[in-house]
Amino acid sequence: MGYGKGGLYDPSRYYCTLHSGKRVKIMAEPKHLSEISWNDFKKLSLAEKGCFFHGKHTLIAQQFTRDELDALCALATRIKRINKRRDGANFLKGLLRDKRAMLYFAQPSSRTYLSHNAACQILGLDTMDVRDTKTSSEVKGETPEDTIRTFSSYVDMIIMRHPVGGFAERVAWMMSHTKREIPILNAGSGADQHPTQALLDIYTLQRSFEKIGGIDGKHVAFVGDLARGRTVRSLAWMLTLFKDMTLYFIAPESLQIGQDILDLLDEAGTKYVVSEDFAAVMPVADAIYMTRIQDEWDVEGESSTTNAADYHIGAEHMDIIKDTTVILHPLPRRQEISTEIDNDPRAVYWRQMRNGMWIRAALILKTFGRDDEVNTYYDDYKPVS
């Protein structure tokens, strides 16, 4: 029990429903971050933290419900279809013309940066950016927190990627104790969370499986560096929101998925298999999510003993996997996917990248509460499919 800006905070008094009809997590109903101290907030589980971000910030995968995912995916598709016409594109560009966003990327990025920037442009949202902390006053000794506080004076949203895990949460908490709280979108946080990547992955899976029953009941295999793959950590939890899922974690022991994620899957009642045998899983997987070895996180050369050839998919495997299987990758890739299969219809990773622009546009629009305007426009004008 602790004290925050809003007074005494007692988590035992509240409840938060995370899975409709599936499970109820004892914690706060959606509350405001100003009502809890930072020390008490840090002690909460991810599911509990998610209750504080609902409707304001996008920081962790655990803040989303199945209904919210379905609504965001539907909104993304409507934005995509509206944008196919010039009058529709002009309509979209007027929706957030009164807003500005800061893209603060303190970690190298091209796809995630450009995808968010393109999403802003689709909606008419002006952007400014800092992509190297050496160009900000941090080089003079300013704290990252003060840097963010400065940025918040100029913009209405901050989209940020940072190498320190949990820093986006810290920023959101800090902003809740200011007079000008603005939304924080986490575009990658250390090795722990990447919620907007998980959203585009869900959207890609939904679009890929829409003619064969949707995502429910599918077998999804994660392959490669799972210990340090924040995309896998976020997506694995998000898939617990779907029914009758089976997840496979295929990796060498040193790079296998963390026990914390397996504990969350156990709590959600989601089936999973932990293995090093990729060949055995290929024929049963409905989706194969490849990842590269992330040696930039090496401390003592952990990646040097990994045989990447064991975690590779190429032309020789196309007769093994099912005709309806889809292959995803958050990119960039190395040798884990052969370029020979790039034109196979089951290789959806390039489509996956483009989907990021649409789902992030939907998320930004929803964050600013302008989604109803798109839904009304779509229903009235019936844009091109």
# chains A, B, ... in the order shown; residues from 1 in each chain; ligands from 1
>>> residues_around(residues="range 234-248 of chain A", least_positions_apart="5", cutoff="9 Å", atoms="only C-alpha atoms", output="PyMOL selection string")
chain A and resi 18-20+22+60-62+64-66+192-199+201-202+215-223+229+261+264-265+268-275+281+285
>>> write_last_selection(atoms="C-alpha atoms", output="mmCIF file, in the first residue's frame")
data_model
loop_
_atom_site.group_PDB
_atom_site.id
_atom_site.type_symbol
_atom_site.label_atom_id
_atom_site.label_comp_id
_atom_site.auth_asym_id
_atom_site.auth_seq_id
_atom_site.Cartn_x
_atom_site.Cartn_y
_atom_site.Cartn_z
ATOM 1 C CA LEU A 18 -8.849 -8.540 -18.970
ATOM 2 C CA HIS A 19 -10.411 -11.479 -20.784
ATOM 3 C CA SER A 20 -14.121 -11.253 -21.543
ATOM 4 C CA LYS A 22 -12.216 -15.912 -19.565
ATOM 5 C CA ILE A 60 2.476 -2.754 -22.946
ATOM 6 C CA ALA A 61 0.688 -5.595 -24.688
ATOM 7 C CA GLN A 62 -1.132 -6.477 -21.477
ATOM 8 C CA PHE A 64 -5.382 -4.611 -24.552
ATOM 9 C CA THR A 65 -8.568 -6.664 -24.560
ATOM 10 C CA ARG A 66 -9.843 -8.865 -27.388
ATOM 11 C CA ASP A 192 10.866 -6.312 -22.925
ATOM 12 C CA GLN A 193 7.975 -4.725 -24.869
ATOM 13 C CA HIS A 194 6.992 -3.683 -28.401
ATOM 14 C CA PRO A 195 3.187 -3.317 -28.289
ATOM 15 C CA THR A 196 2.656 -1.606 -31.645
ATOM 16 C CA GLN A 197 4.637 -4.353 -33.396
ATOM 17 C CA ALA A 198 2.391 -6.906 -31.698
ATOM 18 C CA LEU A 199 -0.638 -4.977 -32.969
ATOM 19 C CA ASP A 201 1.364 -8.812 -36.141
ATOM 20 C CA ILE A 202 -2.178 -9.470 -34.892
ATOM 21 C CA ILE A 215 -6.902 -16.443 -35.450
ATOM 22 C CA ASP A 216 -8.813 -18.583 -32.945
ATOM 23 C CA GLY A 217 -7.617 -22.178 -32.742
ATOM 24 C CA LYS A 218 -4.390 -21.665 -34.661
ATOM 25 C CA HIS A 219 -0.911 -23.064 -33.985
ATOM 26 C CA VAL A 220 1.730 -20.320 -33.921
ATOM 27 C CA ALA A 221 5.462 -21.097 -33.853
ATOM 28 C CA PHE A 222 8.033 -18.553 -32.676
ATOM 29 C CA VAL A 223 11.544 -19.340 -33.903
ATOM 30 C CA GLY A 229 12.911 -10.684 -28.799
ATOM 31 C CA ILE A 261 6.187 -15.214 -20.373
ATOM 32 C CA LEU A 264 1.651 -15.494 -18.067
ATOM 33 C CA LEU A 265 0.571 -18.136 -20.577
ATOM 34 C CA ALA A 268 -4.171 -17.342 -19.139
ATOM 35 C CA GLY A 269 -4.672 -21.061 -19.779
ATOM 36 C CA THR A 270 -2.944 -20.939 -23.179
ATOM 37 C CA LYS A 271 -1.266 -24.139 -24.396
ATOM 38 C CA TYR A 272 2.394 -24.013 -25.391
ATOM 39 C CA VAL A 273 5.348 -26.229 -26.292
ATOM 40 C CA VAL A 274 9.000 -25.371 -25.614
ATOM 41 C CA SER A 275 11.425 -27.132 -27.955
ATOM 42 C CA VAL A 281 6.798 -28.163 -35.691
ATOM 43 C CA ALA A 285 2.196 -24.632 -37.669
#
>>> residues_around(residues="range 328-333 of chain A", least_positions_apart="2", cutoff="6 Å", atoms="only C-alpha atoms", output="mmCIF file with C-alpha atoms, in the first residue's frame")
data_model
loop_
_atom_site.group_PDB
_atom_site.id
_atom_site.type_symbol
_atom_site.label_atom_id
_atom_site.label_comp_id
_atom_site.auth_asym_id
_atom_site.auth_seq_id
_atom_site.Cartn_x
_atom_site.Cartn_y
_atom_site.Cartn_z
ATOM 1 C CA TYR A 289 7.186 -16.201 -36.714
ATOM 2 C CA MET A 290 10.897 -16.051 -37.526
ATOM 3 C CA THR A 291 13.324 -13.822 -35.624
ATOM 4 C CA ARG A 292 17.002 -12.995 -36.038
ATOM 5 C CA VAL A 348 3.735 -12.311 -45.640
ATOM 6 C CA TYR A 349 6.526 -10.364 -43.935
#
>>> select_by_dssp(residues="range 155-343 of chain A", states="strand (DSSP E or B)", output="ChimeraX atom specification")
/A:157-162,184-189,193,219-223,246-250,271-275,287-290,313,326-328,337
>>> residues_around(residues="Asp98 in chain A", least_positions_apart="3", cutoff="10 Å", atoms="only C-alpha atoms", output="ChimeraX atom specification")
/A:94-95,124-126,156
>>> write_last_selection(atoms="N, CA and C atoms", output="PDB file, in the first residue's frame")
ATOM      1  N   GLY A  94      -7.227  15.493 -42.853  1.00  0.00           N
ATOM      2  CA  GLY A  94      -7.804  16.585 -42.070  1.00  0.00           C
ATOM      3  C   GLY A  94      -8.152  16.206 -40.644  1.00  0.00           C
ATOM      4  N   LEU A  95      -8.075  14.910 -40.322  1.00  0.00           N
ATOM      5  CA  LEU A  95      -8.560  14.461 -39.018  1.00  0.00           C
ATOM      6  C   LEU A  95      -7.715  14.958 -37.852  1.00  0.00           C
ATOM      7  N   GLY A 124      -2.647  13.521 -41.209  1.00  0.00           N
ATOM      8  CA  GLY A 124      -2.399  14.957 -41.196  1.00  0.00           C
ATOM      9  C   GLY A 124      -1.731  15.450 -39.928  1.00  0.00           C
ATOM     10  N   LEU A 125      -1.121  14.548 -39.183  1.00  0.00           N
ATOM     11  CA  LEU A 125      -0.488  14.883 -37.910  1.00  0.00           C
ATOM     12  C   LEU A 125       0.939  15.374 -38.169  1.00  0.00           C
ATOM     13  N   ASP A 126       1.225  16.627 -37.856  1.00  0.00           N
ATOM     14  CA  ASP A 126       2.575  17.157 -38.025  1.00  0.00           C
ATOM     15  C   ASP A 126       3.546  16.445 -37.085  1.00  0.00           C
ATOM     16  N   ASP A 156       1.548  17.080 -28.942  1.00  0.00           N
ATOM     17  CA  ASP A 156       0.350  16.507 -28.321  1.00  0.00           C
ATOM     18  C   ASP A 156       0.474  15.006 -28.122  1.00  0.00           C
TER      19      ASP A 156
END
>>> residues_around(residues="Phe368 in chain A", least_positions_apart="4", cutoff="9 Å", atoms="only C-alpha atoms", output="list in words")
Lys56, Leu96, Pro183, Leu363 and Ile364 of chain A
>>> residues_around(residues="Leu59 in chain A", least_positions_apart="3", cutoff="10 Å", atoms="only C-alpha atoms", output="list of chain:residue names")
A:Lys49, A:Gly50, A:Phe53, A:His54, A:Lys56, A:Gln62, A:Gln63, A:Met160, A:Gly166, A:Phe167, A:Ala168, A:Glu169, A:Ala172, A:Pro183, A:Ile184, A:Leu185, A:Asn186, A:Ala187, A:Gly188, A:Ser189, A:Gln193, A:His194, A:Pro195, A:Thr196
>>> closest_residue(among="A:Asp67, A:Glu373, A:Glu336, A:Asp129", to="Ala101 in chain A", atoms="only C-alpha atoms")
A:Asp129
>>> closest_residue(among="A:Arg85, A:Arg161, A:Arg180, A:His312", to="Leu103 in chain A", atoms="only C-alpha atoms")
A:Arg161
>>> residues_around(residues="Phe278 in chain A", least_positions_apart="6", cutoff="8 Å", atoms="only C-alpha atoms", output="PDB file with N, CA and C atoms, in the first residue's frame")
ATOM      1  N   VAL A 223      10.272 -18.670 -33.623  1.00  0.00           N
ATOM      2  CA  VAL A 223      11.544 -19.340 -33.903  1.00  0.00           C
ATOM      3  C   VAL A 223      12.704 -18.345 -33.845  1.00  0.00           C
ATOM      4  N   ILE A 250      10.496 -22.212 -30.338  1.00  0.00           N
ATOM      5  CA  ILE A 250      11.575 -23.014 -30.914  1.00  0.00           C
ATOM      6  C   ILE A 250      12.862 -22.201 -30.878  1.00  0.00           C
ATOM      7  N   ASP A 310      20.073 -24.104 -37.709  1.00  0.00           N
ATOM      8  CA  ASP A 310      18.993 -24.916 -37.151  1.00  0.00           C
ATOM      9  C   ASP A 310      17.682 -24.149 -37.077  1.00  0.00           C
ATOM     10  N   TYR A 311      17.737 -22.836 -37.269  1.00  0.00           N
ATOM     11  CA  TYR A 311      16.558 -21.988 -37.130  1.00  0.00           C
ATOM     12  C   TYR A 311      16.413 -21.142 -38.392  1.00  0.00           C
TER      13      TYR A 311
END
>>> select_by_dssp(residues="range 188-343 of chain A", states="helix (DSSP H, G or I)", output="MDAnalysis selection string")
chainID A and resid 195:209 230:241 253:255 259:268 278:281 295:297 302:305 308:311 315:317 339:341
>>> write_last_selection(atoms="C-alpha atoms", output="short mmCIF file (atom, residue, chain, number, x, y, z; two decimals), in the first residue's frame")
data_model
loop_
_atom_site.label_atom_id
_atom_site.label_comp_id
_atom_site.auth_asym_id
_atom_site.auth_seq_id
_atom_site.Cartn_x
_atom_site.Cartn_y
_atom_site.Cartn_z
CA PRO A 195 3.19 -3.32 -28.29
CA THR A 196 2.66 -1.61 -31.65
CA GLN A 197 4.64 -4.35 -33.40
CA ALA A 198 2.39 -6.91 -31.70
CA LEU A 199 -0.64 -4.98 -32.97
CA LEU A 200 0.58 -5.11 -36.57
CA ASP A 201 1.36 -8.81 -36.14
CA ILE A 202 -2.18 -9.47 -34.89
CA TYR A 203 -3.58 -7.46 -37.80
CA THR A 204 -1.47 -9.46 -40.27
CA LEU A 205 -2.61 -12.77 -38.77
CA GLN A 206 -6.22 -11.64 -38.80
CA ARG A 207 -6.04 -10.62 -42.46
CA SER A 208 -4.19 -13.84 -43.36
CA PHE A 209 -6.72 -16.11 -41.65
CA ARG A 230 10.56 -8.01 -27.45
CA THR A 231 8.25 -8.56 -30.43
CA VAL A 232 7.77 -12.19 -29.41
CA ARG A 233 7.20 -11.30 -25.77
CA SER A 234 4.43 -8.84 -26.64
CA LEU A 235 2.76 -10.95 -29.33
CA ALA A 236 2.81 -14.17 -27.29
CA TRP A 237 0.77 -12.54 -24.56
CA MET A 238 -1.61 -10.87 -27.01
CA LEU A 239 -2.40 -14.26 -28.52
CA THR A 240 -3.76 -15.40 -25.14
CA LEU A 241 -6.77 -13.22 -25.92
CA GLU A 253 18.24 -23.29 -24.66
CA SER A 254 20.35 -20.16 -24.20
CA LEU A 255 17.93 -18.06 -26.25
CA GLN A 259 9.87 -18.12 -17.74
CA ASP A 260 7.98 -14.89 -17.03
CA ILE A 261 6.19 -15.21 -20.37
CA LEU A 262 5.44 -18.90 -19.77
CA ASP A 263 3.99 -17.99 -16.39
CA LEU A 264 1.65 -15.49 -18.07
CA LEU A 265 0.57 -18.14 -20.58
CA ASP A 266 -0.09 -20.58 -17.74
CA GLU A 267 -2.18 -17.97 -15.97
CA ALA A 268 -4.17 -17.34 -19.14
CA PHE A 278 11.96 -26.74 -35.62
CA ALA A 279 11.54 -29.58 -38.14
CA ALA A 280 8.92 -31.31 -35.98
CA VAL A 281 6.80 -28.16 -35.69
CA ASP A 295 23.55 -10.13 -30.73
CA GLU A 296 23.37 -6.40 -30.03
CA TRP A 297 22.10 -7.47 -26.60
CA GLU A 302 25.86 -15.41 -25.75
CA SER A 303 25.10 -15.63 -29.47
CA SER A 304 28.48 -16.97 -30.55
CA THR A 305 27.62 -20.60 -29.78
CA ALA A 308 21.63 -20.30 -36.83
CA ALA A 309 21.29 -23.00 -39.50
CA ASP A 310 18.99 -24.92 -37.15
CA TYR A 311 16.56 -21.99 -37.13
CA ALA A 315 12.68 -23.16 -50.41
CA GLU A 316 13.46 -26.70 -49.23
CA HIS A 317 10.77 -26.35 -46.55
CA THR A 339 15.25 -14.70 -50.18
CA GLU A 340 14.18 -17.56 -52.47
CA ILE A 341 10.78 -17.66 -50.76
#
>>> closest_residue(among="A:Phe105, A:Phe151, A:Phe91, A:Trp173", to="Ile36 in chain A", atoms="only C-alpha atoms")
A:Trp173
>>> atom_distance(atom1="CA of Tyr113 in chain A", atom2="CA of Val155 in chain A")
17.0 Å
>>> atom_distance(atom1="CA of Arg360 in chain A", atom2="CA of Ile158 in chain A")
13.4 Å
>>> atom_distance(atom1="CA of Ala106 in chain A", atom2="CA of Gly190 in chain A")
10.7 Å
